[in-house]
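One structure is given below, encoded as structure tokens.
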Amino acid sequence: MTNAARKPYIAGNWKMNLDRARSLDLIKTIKGRLGDGGDREVAFFAPAIYLADVAAVAQGSPLGIGGQNIWYDSDGAFTGELAPRMLREVGADRVLIGHSERRQVFGEPNEWMGRKVRASLDTDLLPIYCIGETLDERKANRTDRVLKKQLEAGFEQVKTVDAHRLTIAYEPVWAIGTGETATTEQVEAAHRTIRKWMAQRVGEEATGTVRILYGGSVKPTNAKEIMAIDDVDGLLVGGASLQADTFLPIIEYDR
Ligand code: PGA
């Protein structure tokens, strides 16, 4: 169950899906339903090419709009990359960092993560820093070690005063897009490891402000159950965030 001091955060990661028209339709539908947002924070992480349009449609609503990746320099010879300031300029207010697809498919090393998190904080883009173990790592009982290593990299340049602007997403790689979700015990244990590690790194008080989301095959049928797990403050949703009829029941998991 989420802590009263931490507003539940439901985030949709569209990845490389939808097209411009369907993106805008989805934003309009969710915006209409959200009203003033109330007691939860909702955000979409859209393909960068649609961000300006999506952010323009979301304007005037509490819907957060973010990019799915950034490079950490503010300009320079980085063909194909986007600087944090560029996302800000077109209306994004947040960004995903270290998503497992970036790490696994595109080979992003852990060593980049600290600079990416720092660059996003310095540009006022709220980062969701994604971490999680592969199936082989879990089978080899290395889950805790992997999570701590990823946390160490991401927090390399994080100060205690930054902590409240940071969100962590625990996404076991084997649960992403597979229909398989981690068990209650697995989620609980991972979130406990993450919070304990953070408390040692930035102190108890700052840690109390950091939301830890779960991601990996979240659906309307399991959202409520996952949100009830100790220390789960929100959800990072891929496939089920692509349509209003699957994403709305997740946003409204407790209704
Ligand atoms: P999924 O993706 O919900 O489709 O498993 C989650 C994610 O990758 O963020």
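All residue names refer to the structure tokens as shown: chains lettered A, B, ... in order, residues numbered from 1 in each chain, ligands numbered from 1 in order.
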
Give me, as JSON lines, each residue of chain A that comes within 6 Å of ligand 1, together with its shortest interatomic pair and the distance in Å at one decimal, counting only C-alpha atoms and all ligand atoms, with rows ordered by chain and rising residue number.
{"residue": "A:Asn13", "atom": "CA", "partner": "ligand 1", "partner_atom_place_in_ligand_line": "9 (O)", "distance": 5.6}
{"residue": "A:Ile176", "atom": "CA", "partner": "ligand 1", "partner_atom_place_in_ligand_line": "5 (O)", "distance": 3.5}
{"residue": "A:Gly177", "atom": "CA", "partner": "ligand 1", "partner_atom_place_in_ligand_line": "5 (O)", "distance": 3.5}
{"residue": "A:Gly215", "atom": "CA", "partner": "ligand 1", "partner_atom_place_in_ligand_line": "6 (C)", "distance": 5.1}
{"residue": "A:Gly216", "atom": "CA", "partner": "ligand 1", "partner_atom_place_in_ligand_line": "5 (O)", "distance": 3.8}
{"residue": "A:Ser217", "atom": "CA", "partner": "ligand 1", "partner_atom_place_in_ligand_line": "5 (O)", "distance": 3.5}
{"residue": "A:Val218", "atom": "CA", "partner": "ligand 1", "partner_atom_place_in_ligand_line": "3 (O)", "distance": 5.0}
{"residue": "A:Leu236", "atom": "CA", "partner": "ligand 1", "partner_atom_place_in_ligand_line": "9 (O)", "distance": 5.2}
{"residue": "A:Val237", "atom": "CA", "partner": "ligand 1", "partner_atom_place_in_ligand_line": "3 (O)", "distance": 4.1}
{"residue": "A:Gly238", "atom": "CA", "partner": "ligand 1", "partner_atom_place_in_ligand_line": "2 (O)", "distance": 3.4}
{"residue": "A:Gly239", "atom": "CA", "partner": "ligand 1", "partner_atom_place_in_ligand_line": "4 (O)", "distance": 3.8}

*Mind listing the alpha helix (DSSP H) residues of segment 133-216 of chain A, per DSSP on the backbone, as a PyMOL selection string?*
chain A and resi 135-139+143-154+184-202+204-207

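Secondary structure from DSSP on the backbone puts strand (DSSP E) at the following positions of segment 80-241 of chain A: Arg94, Val95, Leu96, Ile97, Leu126, Pro127, Ile128, Tyr129, Cys130, Ile131, Thr167, Ile168, Ala169, Tyr170, Arg211, Ile212, Leu213, Tyr214, Gly215, Gly234, Leu235, Leu236 and Val237 of chain A.
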
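Look at Arg255 of chain A: the protein and nucleic acid residues within 12 Å of it, using only C-alpha atoms and passing over chain neighbours fewer than 5 places away, are Pro220, Ala223, Lys224, Leu248, Pro249 and Ile250 of chain A.
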
Quick one: residues within 7 Å of segment 34-50 of chain A, only C-alpha atoms, excluding same-chain residues fewer than 5 positions away - as a PDB file with C-alpha atoms, in the first residue's frame?
ATOM      1  CA  LYS A   7       0.842  10.543  -4.317  1.00  0.00           C
ATOM      2  CA  PRO A   8       0.136   7.447  -6.448  1.00  0.00           C
ATOM      3  CA  TYR A   9       1.831   7.839  -9.811  1.00  0.00           C
ATOM      4  CA  ILE A  10       0.420   6.015 -12.854  1.00  0.00           C
ATOM      5  CA  ALA A  11       2.644   6.330 -15.914  1.00  0.00           C
ATOM      6  CA  GLY A  12       2.098   5.066 -19.453  1.00  0.00           C
ATOM      7  CA  ASN A  13       5.104   4.238 -21.612  1.00  0.00           C
ATOM      8  CA  TRP A  14       4.019   4.137 -25.250  1.00  0.00           C
ATOM      9  CA  LYS A  15       7.436   2.954 -26.477  1.00  0.00           C
ATOM     10  CA  MET A  16       7.506   2.944 -30.315  1.00  0.00           C
ATOM     11  CA  ARG A  20       0.162  10.915 -34.216  1.00  0.00           C
ATOM     12  CA  SER A  61      -4.684  19.437 -17.577  1.00  0.00           C
ATOM     13  CA  PRO A  62      -2.640  17.818 -14.799  1.00  0.00           C
ATOM     14  CA  LEU A  63      -1.414  15.171 -17.257  1.00  0.00           C
ATOM     15  CA  GLY A  64       2.376  14.924 -17.250  1.00  0.00           C
ATOM     16  CA  ILE A  65       4.146  14.454 -20.577  1.00  0.00           C
ATOM     17  CA  GLY A  66       7.583  12.937 -20.870  1.00  0.00           C
ATOM     18  CA  GLY A  67      10.208  11.620 -23.249  1.00  0.00           C
ATOM     19  CA  GLN A  68      11.496   8.034 -23.244  1.00  0.00           C
TER      20      GLN A  68
END

_Non-local contacts of Lys159 of chain A (12 Å; only C-alpha atoms; under 2 positions in same chain excluded) as a PyMOL selection string_ = chain A and resi 114+117-118+121-122+154-157+161-166+198+201-203+206-207

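Atom to atom, atom CA of Asp144 of chain A and atom CA of Thr193 of chain A stand 6.8 Å apart.
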
Residues near Met86 of chain A, cut-off 12 Å, only C-alpha atoms, skip fewer than 5 positions along chain, as a CSV table (one decimal) with N, CA, C and O atoms, in the first residue's frame:
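Result file is selection01.csv:
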chain,number,residue,atom,x,y,z
A,48,ALA,N,9.4,10.8,-29.0
A,48,ALA,CA,9.9,12.2,-29.0
A,48,ALA,C,9.3,13.0,-30.1
A,48,ALA,O,9.0,14.2,-30.0
A,49,ILE,N,9.1,12.4,-31.3
A,49,ILE,CA,8.6,13.1,-32.5
A,49,ILE,C,7.1,13.7,-32.2
A,49,ILE,O,6.7,14.6,-32.9
A,51,LEU,N,6.0,14.6,-29.1
A,51,LEU,CA,5.9,15.3,-27.8
A,51,LEU,C,5.3,16.7,-27.9
A,51,LEU,O,4.5,17.0,-27.1
A,52,ALA,N,5.7,17.5,-28.9
A,52,ALA,CA,5.2,18.8,-29.0
A,52,ALA,C,3.7,18.8,-29.1
A,52,ALA,O,3.0,19.6,-28.4
A,66,GLY,N,6.1,13.2,-20.9
A,66,GLY,CA,7.6,12.9,-20.9
A,66,GLY,C,8.2,12.2,-22.1
A,66,GLY,O,7.4,11.6,-22.9
A,67,GLY,N,9.5,12.3,-22.2
A,67,GLY,CA,10.2,11.6,-23.2
A,67,GLY,C,10.7,10.2,-22.7
A,67,GLY,O,10.6,10.0,-21.5
A,69,ASN,N,13.8,8.9,-23.4
A,69,ASN,CA,15.2,8.8,-23.3
A,69,ASN,C,15.8,10.2,-23.5
A,69,ASN,O,15.2,11.1,-24.1
A,70,ILE,N,17.0,10.4,-23.0
A,70,ILE,CA,17.8,11.6,-23.3
A,70,ILE,C,19.2,11.3,-23.4
A,70,ILE,O,19.7,10.3,-22.9
A,71,TRP,N,20.0,12.2,-24.0
A,71,TRP,CA,21.4,12.2,-23.8
A,71,TRP,C,21.8,13.2,-22.8
A,71,TRP,O,21.0,14.1,-22.5
A,72,TYR,N,23.0,13.1,-22.1
A,72,TYR,CA,23.2,14.0,-21.0
A,72,TYR,C,23.9,15.3,-21.3
A,72,TYR,O,23.9,16.2,-20.4
A,73,ASP,N,24.4,15.5,-22.5
A,73,ASP,CA,25.0,16.8,-22.8
A,73,ASP,C,23.9,17.7,-23.3
A,73,ASP,O,22.8,17.3,-23.8
A,74,SER,N,24.2,19.0,-23.3
A,74,SER,CA,23.1,20.0,-23.7
A,74,SER,C,23.2,20.3,-25.2
A,74,SER,O,22.3,20.9,-25.7
A,75,ASP,N,24.3,20.0,-25.8
A,75,ASP,CA,24.4,20.2,-27.3
A,75,ASP,C,25.7,19.5,-27.7
A,75,ASP,O,26.5,19.1,-26.9
A,81,GLU,N,20.6,11.9,-31.2
A,81,GLU,CA,20.2,12.0,-29.8
A,81,GLU,C,19.5,13.3,-29.5
A,81,GLU,O,19.4,14.3,-30.3
A,91,GLY,N,7.7,21.1,-24.4
A,91,GLY,CA,6.6,20.9,-23.4
A,91,GLY,C,6.6,19.7,-22.5
A,91,GLY,O,5.7,19.5,-21.7
A,92,ALA,N,7.7,18.9,-22.7
A,92,ALA,CA,7.8,17.7,-21.8
A,92,ALA,C,8.3,18.2,-20.4
A,92,ALA,O,9.0,19.1,-20.3
A,93,ASP,N,7.8,17.5,-19.3
A,93,ASP,CA,8.2,17.9,-18.0
A,93,ASP,C,8.9,16.7,-17.3
A,93,ASP,O,9.2,16.8,-16.1
A,94,ARG,N,9.1,15.6,-18.0
A,94,ARG,CA,9.7,14.4,-17.3
A,94,ARG,C,10.3,13.5,-18.4
A,94,ARG,O,10.1,13.7,-19.6
A,95,VAL,N,11.0,12.5,-17.9
A,95,VAL,CA,11.7,11.6,-18.8
A,95,VAL,C,12.0,10.2,-18.2
A,95,VAL,O,12.2,10.2,-17.0
A,120,SER,N,18.9,15.4,-16.3
A,120,SER,CA,17.4,15.6,-16.3
A,120,SER,C,17.0,16.5,-15.1
A,120,SER,O,16.3,17.5,-15.2
A,123,THR,N,17.8,20.1,-15.7
A,123,THR,CA,16.9,20.7,-16.7
A,123,THR,C,15.5,20.8,-16.3
A,123,THR,O,14.6,21.2,-17.1
A,124,ASP,N,15.2,20.4,-15.0
A,124,ASP,CA,13.8,20.4,-14.6
A,124,ASP,C,12.9,19.4,-15.3
A,124,ASP,O,11.8,19.6,-15.5
A,125,LEU,N,13.5,18.3,-15.7
A,125,LEU,CA,12.8,17.2,-16.3
A,125,LEU,C,12.7,16.1,-15.2
A,125,LEU,O,13.8,15.7,-14.7

*Go through A:Thr184, A:His191, A:Gln200, A:Gly208 and flag the residue nearest Glu225 of chain A, using only C-alpha atoms for the distances.*
A:Thr184

_Residue with smallest distance to Ala83 of chain A - pool A:Val57, A:Ala119, A:Val173, A:Ile168, counting only C-alpha atoms_ = A:Ala119

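Of the listed residues A:Leu96, A:Ala77, A:Ile212, A:Val90, the one whose atoms come nearest to Val54 of chain A is A:Val90, with distances taken using only C-alpha atoms.
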
*How many Å lie between atom CA of Val146 of chain A and atom CA of Lys219 of chain A, rounded to one decimal?*
26.0 Å

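Checking A:Arg115, A:His99, A:Arg6, A:Arg145 one by one against Ile131 of chain A, counting only C-alpha atoms, you find the shortest gap at A:His99.
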
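Separating atom CA of Asn17 of chain A from atom CA of Trp112 of chain A is a distance of 25.6 Å.
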